[in-house]
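Next comes coords.tsv, a file with TSV, C-alpha atoms.
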```tsv
chain	number	residue	atom	x	y	z
A	1	MET	CA	98.33	129.12	87.84
A	2	SER	CA	97.16	127.98	84.40
A	3	ILE	CA	94.26	125.56	83.93
A	4	LYS	CA	96.73	122.88	82.82
A	5	ASP	CA	98.77	123.40	85.99
A	6	GLU	CA	95.63	123.28	88.13
A	7	GLN	CA	94.57	120.06	86.44
A	8	GLU	CA	98.00	118.53	87.01
A	9	VAL	CA	97.91	119.46	90.71
A	10	ALA	CA	94.40	118.04	91.07
A	11	LYS	CA	95.46	114.94	89.13
A	12	GLN	CA	98.41	114.48	91.51
A	13	ASP	CA	96.09	114.72	94.51
A	14	ALA	CA	93.49	112.37	92.99
A	15	HIS	CA	96.12	109.79	92.03
A	16	TYR	CA	97.81	109.94	95.40
A	17	GLU	CA	94.48	109.59	97.25
A	18	ALA	CA	93.23	106.68	95.10
A	19	ALA	CA	96.58	104.90	95.41
A	20	ARG	CA	96.52	105.52	99.16
A	21	TYR	CA	93.19	103.70	99.37
A	22	LEU	CA	94.75	100.73	97.56
A	23	ARG	CA	97.82	100.74	99.80
A	24	ASN	CA	95.57	100.75	102.87
A	25	ALA	CA	93.51	97.93	101.35
A	26	GLU	CA	96.69	95.89	100.76
A	27	ASP	CA	97.70	96.39	104.39
A	28	THR	CA	94.27	95.23	105.55
A	29	LEU	CA	94.40	92.22	103.23
A	30	LYS	CA	97.68	91.11	104.81
A	31	LYS	CA	95.85	90.87	108.15
A	32	ALA	CA	93.49	88.27	106.64
A	33	GLY	CA	96.24	85.68	106.50
A	34	GLN	CA	96.53	83.15	103.73
A	35	ASP	CA	96.58	79.38	103.41
A	36	GLY	CA	97.45	78.52	99.84
A	37	LYS	CA	94.70	79.85	97.61
A	38	ARG	CA	92.40	80.90	100.47
A	39	PHE	CA	92.38	83.86	102.76
A	40	LEU	CA	91.67	82.98	106.37
A	41	ASP	CA	89.64	85.92	107.72
A	42	LYS	CA	86.55	87.09	105.83
A	43	LYS	CA	86.25	90.36	107.76
A	44	TYR	CA	89.65	91.63	106.64
A	45	VAL	CA	89.07	90.51	103.06
A	46	SER	CA	85.71	92.29	102.96
A	47	THR	CA	87.14	95.48	104.45
A	48	ALA	CA	90.11	95.45	102.06
A	49	CYS	CA	87.90	94.91	99.02
A	50	GLY	CA	85.56	97.72	100.03
A	51	THR	CA	88.46	100.11	100.53
A	52	ALA	CA	90.06	99.18	97.21
A	53	TYR	CA	86.75	99.61	95.38
A	54	LEU	CA	86.32	103.11	96.83
A	55	GLY	CA	89.83	103.97	95.61
A	56	VAL	CA	88.81	102.90	92.11
A	57	LEU	CA	85.70	105.08	92.27
A	58	LEU	CA	87.91	108.06	93.20
A	59	ALA	CA	90.08	107.29	90.17
A	60	MET	CA	87.00	106.96	87.96
A	61	ASP	CA	85.75	110.34	89.17
A	62	ALA	CA	89.11	111.86	88.19
A	63	ILE	CA	89.11	110.13	84.79
A	64	PHE	CA	85.63	111.44	84.10
A	65	ARG	CA	86.60	114.94	85.20
A	66	LEU	CA	89.65	114.88	82.92
A	67	ARG	CA	87.45	113.82	80.02
A	68	GLU	CA	84.76	116.36	80.99
A	69	VAL	CA	82.05	113.79	81.72
A	70	LYS	CA	79.22	115.46	83.59
A	71	PRO	CA	78.50	114.05	87.04
A	72	PRO	CA	74.96	112.82	87.67
A	73	LYS	CA	72.53	114.82	89.72
A	74	GLY	CA	72.12	113.75	93.32
A	75	ASN	CA	74.09	110.91	94.85
A	76	LYS	CA	76.85	109.97	92.39
A	77	ARG	CA	77.50	106.61	93.92
A	78	GLU	CA	73.89	105.50	93.87
A	79	SER	CA	74.55	103.00	91.09
A	80	ILE	CA	77.46	101.48	89.20
A	81	ARG	CA	75.44	102.16	86.05
A	82	TYR	CA	76.70	105.76	85.83
A	83	TYR	CA	80.31	104.60	85.94
A	84	VAL	CA	79.91	101.69	83.50
A	85	GLU	CA	77.90	103.65	80.93
A	86	ASN	CA	80.29	106.58	80.90
A	87	ALA	CA	83.39	104.38	80.94
A	88	ALA	CA	82.02	102.50	77.91
A	89	LYS	CA	81.60	105.80	76.05
A	90	LEU	CA	85.25	106.67	76.70
A	91	ASP	CA	87.08	103.38	76.38
A	92	GLY	CA	85.91	99.77	76.11
A	93	LYS	CA	88.90	98.44	78.06
A	94	LEU	CA	88.22	100.89	80.89
A	95	ALA	CA	84.60	99.71	81.04
A	96	SER	CA	85.74	96.07	81.05
A	97	ASP	CA	88.28	96.73	83.81
A	98	LEU	CA	85.69	98.56	85.87
A	99	HIS	CA	83.32	95.61	85.46
A	100	ILE	CA	86.05	93.23	86.70
A	101	VAL	CA	86.70	95.43	89.75
A	102	TYR	CA	82.99	95.70	90.47
A	103	GLN	CA	82.45	91.93	90.19
A	104	THR	CA	85.57	90.82	92.07
A	105	LEU	CA	86.12	93.47	94.72
A	106	HIS	CA	82.70	94.97	95.33
A	107	LEU	CA	80.37	92.00	94.84
A	108	ALA	CA	82.50	88.89	95.46
A	109	GLY	CA	84.96	90.35	97.95
A	110	TYR	CA	82.98	92.94	99.86
A	111	TYR	CA	79.42	91.61	99.77
A	112	GLU	CA	79.81	87.86	99.31
A	113	GLY	CA	83.02	87.54	101.28
A	114	THR	CA	84.90	85.27	98.90
A	115	LEU	CA	88.17	84.01	100.32
A	116	SER	CA	89.68	83.09	96.94
A	117	VAL	CA	93.18	84.55	96.67
A	118	PRO	CA	93.27	84.44	92.83
A	119	THR	CA	89.91	86.22	92.58
A	120	ILE	CA	90.86	89.01	94.98
A	121	ARG	CA	94.35	89.39	93.46
A	122	ASP	CA	92.82	89.75	89.99
A	123	GLY	CA	90.53	92.48	91.33
A	124	PHE	CA	93.42	94.32	92.98
A	125	ASP	CA	95.62	94.07	89.87
A	126	THR	CA	92.83	95.49	87.73
A	127	ALA	CA	92.18	98.23	90.29
A	128	TYR	CA	95.82	99.29	90.13
A	129	GLY	CA	95.55	99.43	86.33
A	130	ILE	CA	92.59	101.80	86.52
A	131	ILE	CA	94.34	104.06	89.01
A	132	GLU	CA	97.43	104.22	86.82
A	133	ARG	CA	95.28	105.82	84.11
A	134	ILE	CA	95.36	109.04	86.14
A	135	CYS	CA	99.07	108.86	86.88
A	136	PRO	CA	100.32	112.46	86.81
A	137	GLU	CA	103.45	113.65	85.04
A	138	ARG	CA	105.11	113.79	88.45
A	139	GLU	CA	103.79	111.86	91.40
A	140	LEU	CA	103.62	113.44	94.83
A	141	THR	CA	105.98	112.35	97.54
A	142	ASP	CA	104.54	111.52	100.95
A	143	GLU	CA	106.02	114.77	102.30
A	144	GLU	CA	104.39	116.89	99.57
A	145	TYR	CA	101.05	115.21	100.13
A	146	LYS	CA	101.25	115.75	103.90
A	147	ALA	CA	102.19	119.40	103.36
A	148	ARG	CA	99.16	119.90	101.12
A	149	ARG	CA	96.92	118.24	103.69
A	150	ARG	CA	98.32	120.45	106.47
A	151	SER	CA	97.66	123.55	104.39
A	152	GLY	CA	94.05	122.47	103.86
A	153	SER	CA	94.06	123.77	100.31
A	154	TRP	CA	94.17	120.35	98.66
A	155	VAL	CA	90.77	119.31	100.05
A	156	GLY	CA	88.87	122.17	98.49
A	157	ARG	CA	90.81	121.99	95.24
A	158	LEU	CA	90.32	118.24	94.90
A	159	ALA	CA	86.65	118.41	95.82
A	160	ALA	CA	86.01	121.28	93.42
A	161	TRP	CA	87.91	119.54	90.66
A	162	LEU	CA	86.28	116.13	91.09
A	163	PHE	CA	82.77	117.18	91.95
```
Would you write the structure of this file as structure tokens?
Amino acid sequence: MSIKDEQEVAKQDAHYEAARYLRNAEDTLKKAGQDGKRFLDKKYVSTACGTAYLGVLLAMDAIFRLREVKPPKGNKRESIRYYVENAAKLDGKLASDLHIVYQTLHLAGYYEGTLSVPTIRDGFDTAYGIIERICPERELTDEEYKARRRSGSWVGRLAAWLF
């Protein structure tokens, strides 16, 4: 398999996994209930925002890997600073979108527990935009993804590719 083919396979896995986080977050958000412009259950909103934010970090890791950005030493997720600084070097819009996701989903949604529907929706919309930046030439079907998971090979390949 050529390097380009390996990158495409890893990109498929990374995109599928990041999008899966967002789909799970959307399902959790539905459990929060809604009354106009307010969600009704803070716990579900917080959980959904945390899950969506982690999906964005997976996408950012893949974007950085594609652009050959070196990962930091030690714990990569110690600070948002690594992500923001490197995103700014690559693309100002990416850095701006990451800042929106960090502010709306991570800080306001996850930590502060905002119940504002427009705020959370804006964060989710921006998160989807970031994940679409790693959209592969051909997306995996659920069956292909499950087959890769059963084989166990995707875990090592994705981990080696991202980290």
Excluding A:Ile120 and any residue of its chain fewer than 6 positions from it, enumerate the residues within 10 Å of it, using all atoms listed in the file, and give them as a ChimeraX atom specification. /A:29,38-39,45,48-49,101,104-105,108-109,114,126
Mind listing whatever residues come within 10 Å of the point (87.9, 104.2, 97.4)? Use only C-alpha atoms, file coordinates, and give them as a JSON list (two decimals) with C-alpha atoms, in the frame of the given file.
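Contents of part.json, as written:
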```json
[["chain", "number", "residue", "atom", "x", "y", "z"],
["A", 17, "GLU", "CA", 94.48, 109.59, 97.25],
["A", 18, "ALA", "CA", 93.23, 106.68, 95.10],
["A", 19, "ALA", "CA", 96.58, 104.90, 95.41],
["A", 20, "ARG", "CA", 96.52, 105.52, 99.16],
["A", 21, "TYR", "CA", 93.19, 103.70, 99.37],
["A", 22, "LEU", "CA", 94.75, 100.73, 97.56],
["A", 25, "ALA", "CA", 93.51, 97.93, 101.35],
["A", 49, "CYS", "CA", 87.90, 94.91, 99.02],
["A", 50, "GLY", "CA", 85.56, 97.72, 100.03],
["A", 51, "THR", "CA", 88.46, 100.11, 100.53],
["A", 52, "ALA", "CA", 90.06, 99.18, 97.21],
["A", 53, "TYR", "CA", 86.75, 99.61, 95.38],
["A", 54, "LEU", "CA", 86.32, 103.11, 96.83],
["A", 55, "GLY", "CA", 89.83, 103.97, 95.61],
["A", 56, "VAL", "CA", 88.81, 102.90, 92.11],
["A", 57, "LEU", "CA", 85.70, 105.08, 92.27],
["A", 58, "LEU", "CA", 87.91, 108.06, 93.20],
["A", 59, "ALA", "CA", 90.08, 107.29, 90.17],
["A", 60, "MET", "CA", 87.00, 106.96, 87.96]]
```
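For the pair atom CA of A:Tyr16 and atom CA of A:Arg65, the separation is 16.0 Å.
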Produce the centre coordinates and the three edge lengths, each in Å to one decimal, of the box along x, y and z that contains all listed atoms of stretch 15-34 of chain A with 4 Å added on each side, as JSON.
```
{"center_x": 95.5, "center_y": 96.5, "center_z": 100.1, "size_x": 12.6, "size_y": 34.8, "size_z": 24.1}
```
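We find atom CA of A:Glu68 and atom CA of A:Tyr102 to be spaced 22.8 Å apart.
Nearest to A:Ala10 of all the residues A:Pro72, A:Leu94, A:Lys31, A:Ala62 is A:Ala62, counting all atoms listed in the file.
Nearest residue to A:Thr119 among A:Ser96, A:Lys43, A:Gln103, A:Pro71 is A:Gln103, counting all atoms listed in the file.
Across the structure, atom CA of A:Ala127 and atom CA of A:Gly36 are spaced 22.5 Å apart.
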Nearest to A:Tyr111, chosen from A:Lys93, A:Lys73, A:Lys42, A:Arg67, with all atoms listed in the file counted in the distances: A:Lys42
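Take the candidates A:Pro118, A:Gly123, A:Ile80, A:Gly74 and check each one against A:Asp97 using all atoms listed in the file; the shortest distance goes to A:Gly123.
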For A:Gly113, which residue out of A:Ile63, A:Ala32, A:Val9, A:Ala87 is the nearest one, using all atoms listed in the file? A:Ala32
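Using only C-alpha atoms for every distance, the candidate list A:Gln34, A:Gln7, A:Asn86, A:Thr28 yields A:Thr28 as the residue closest to A:Ser46.
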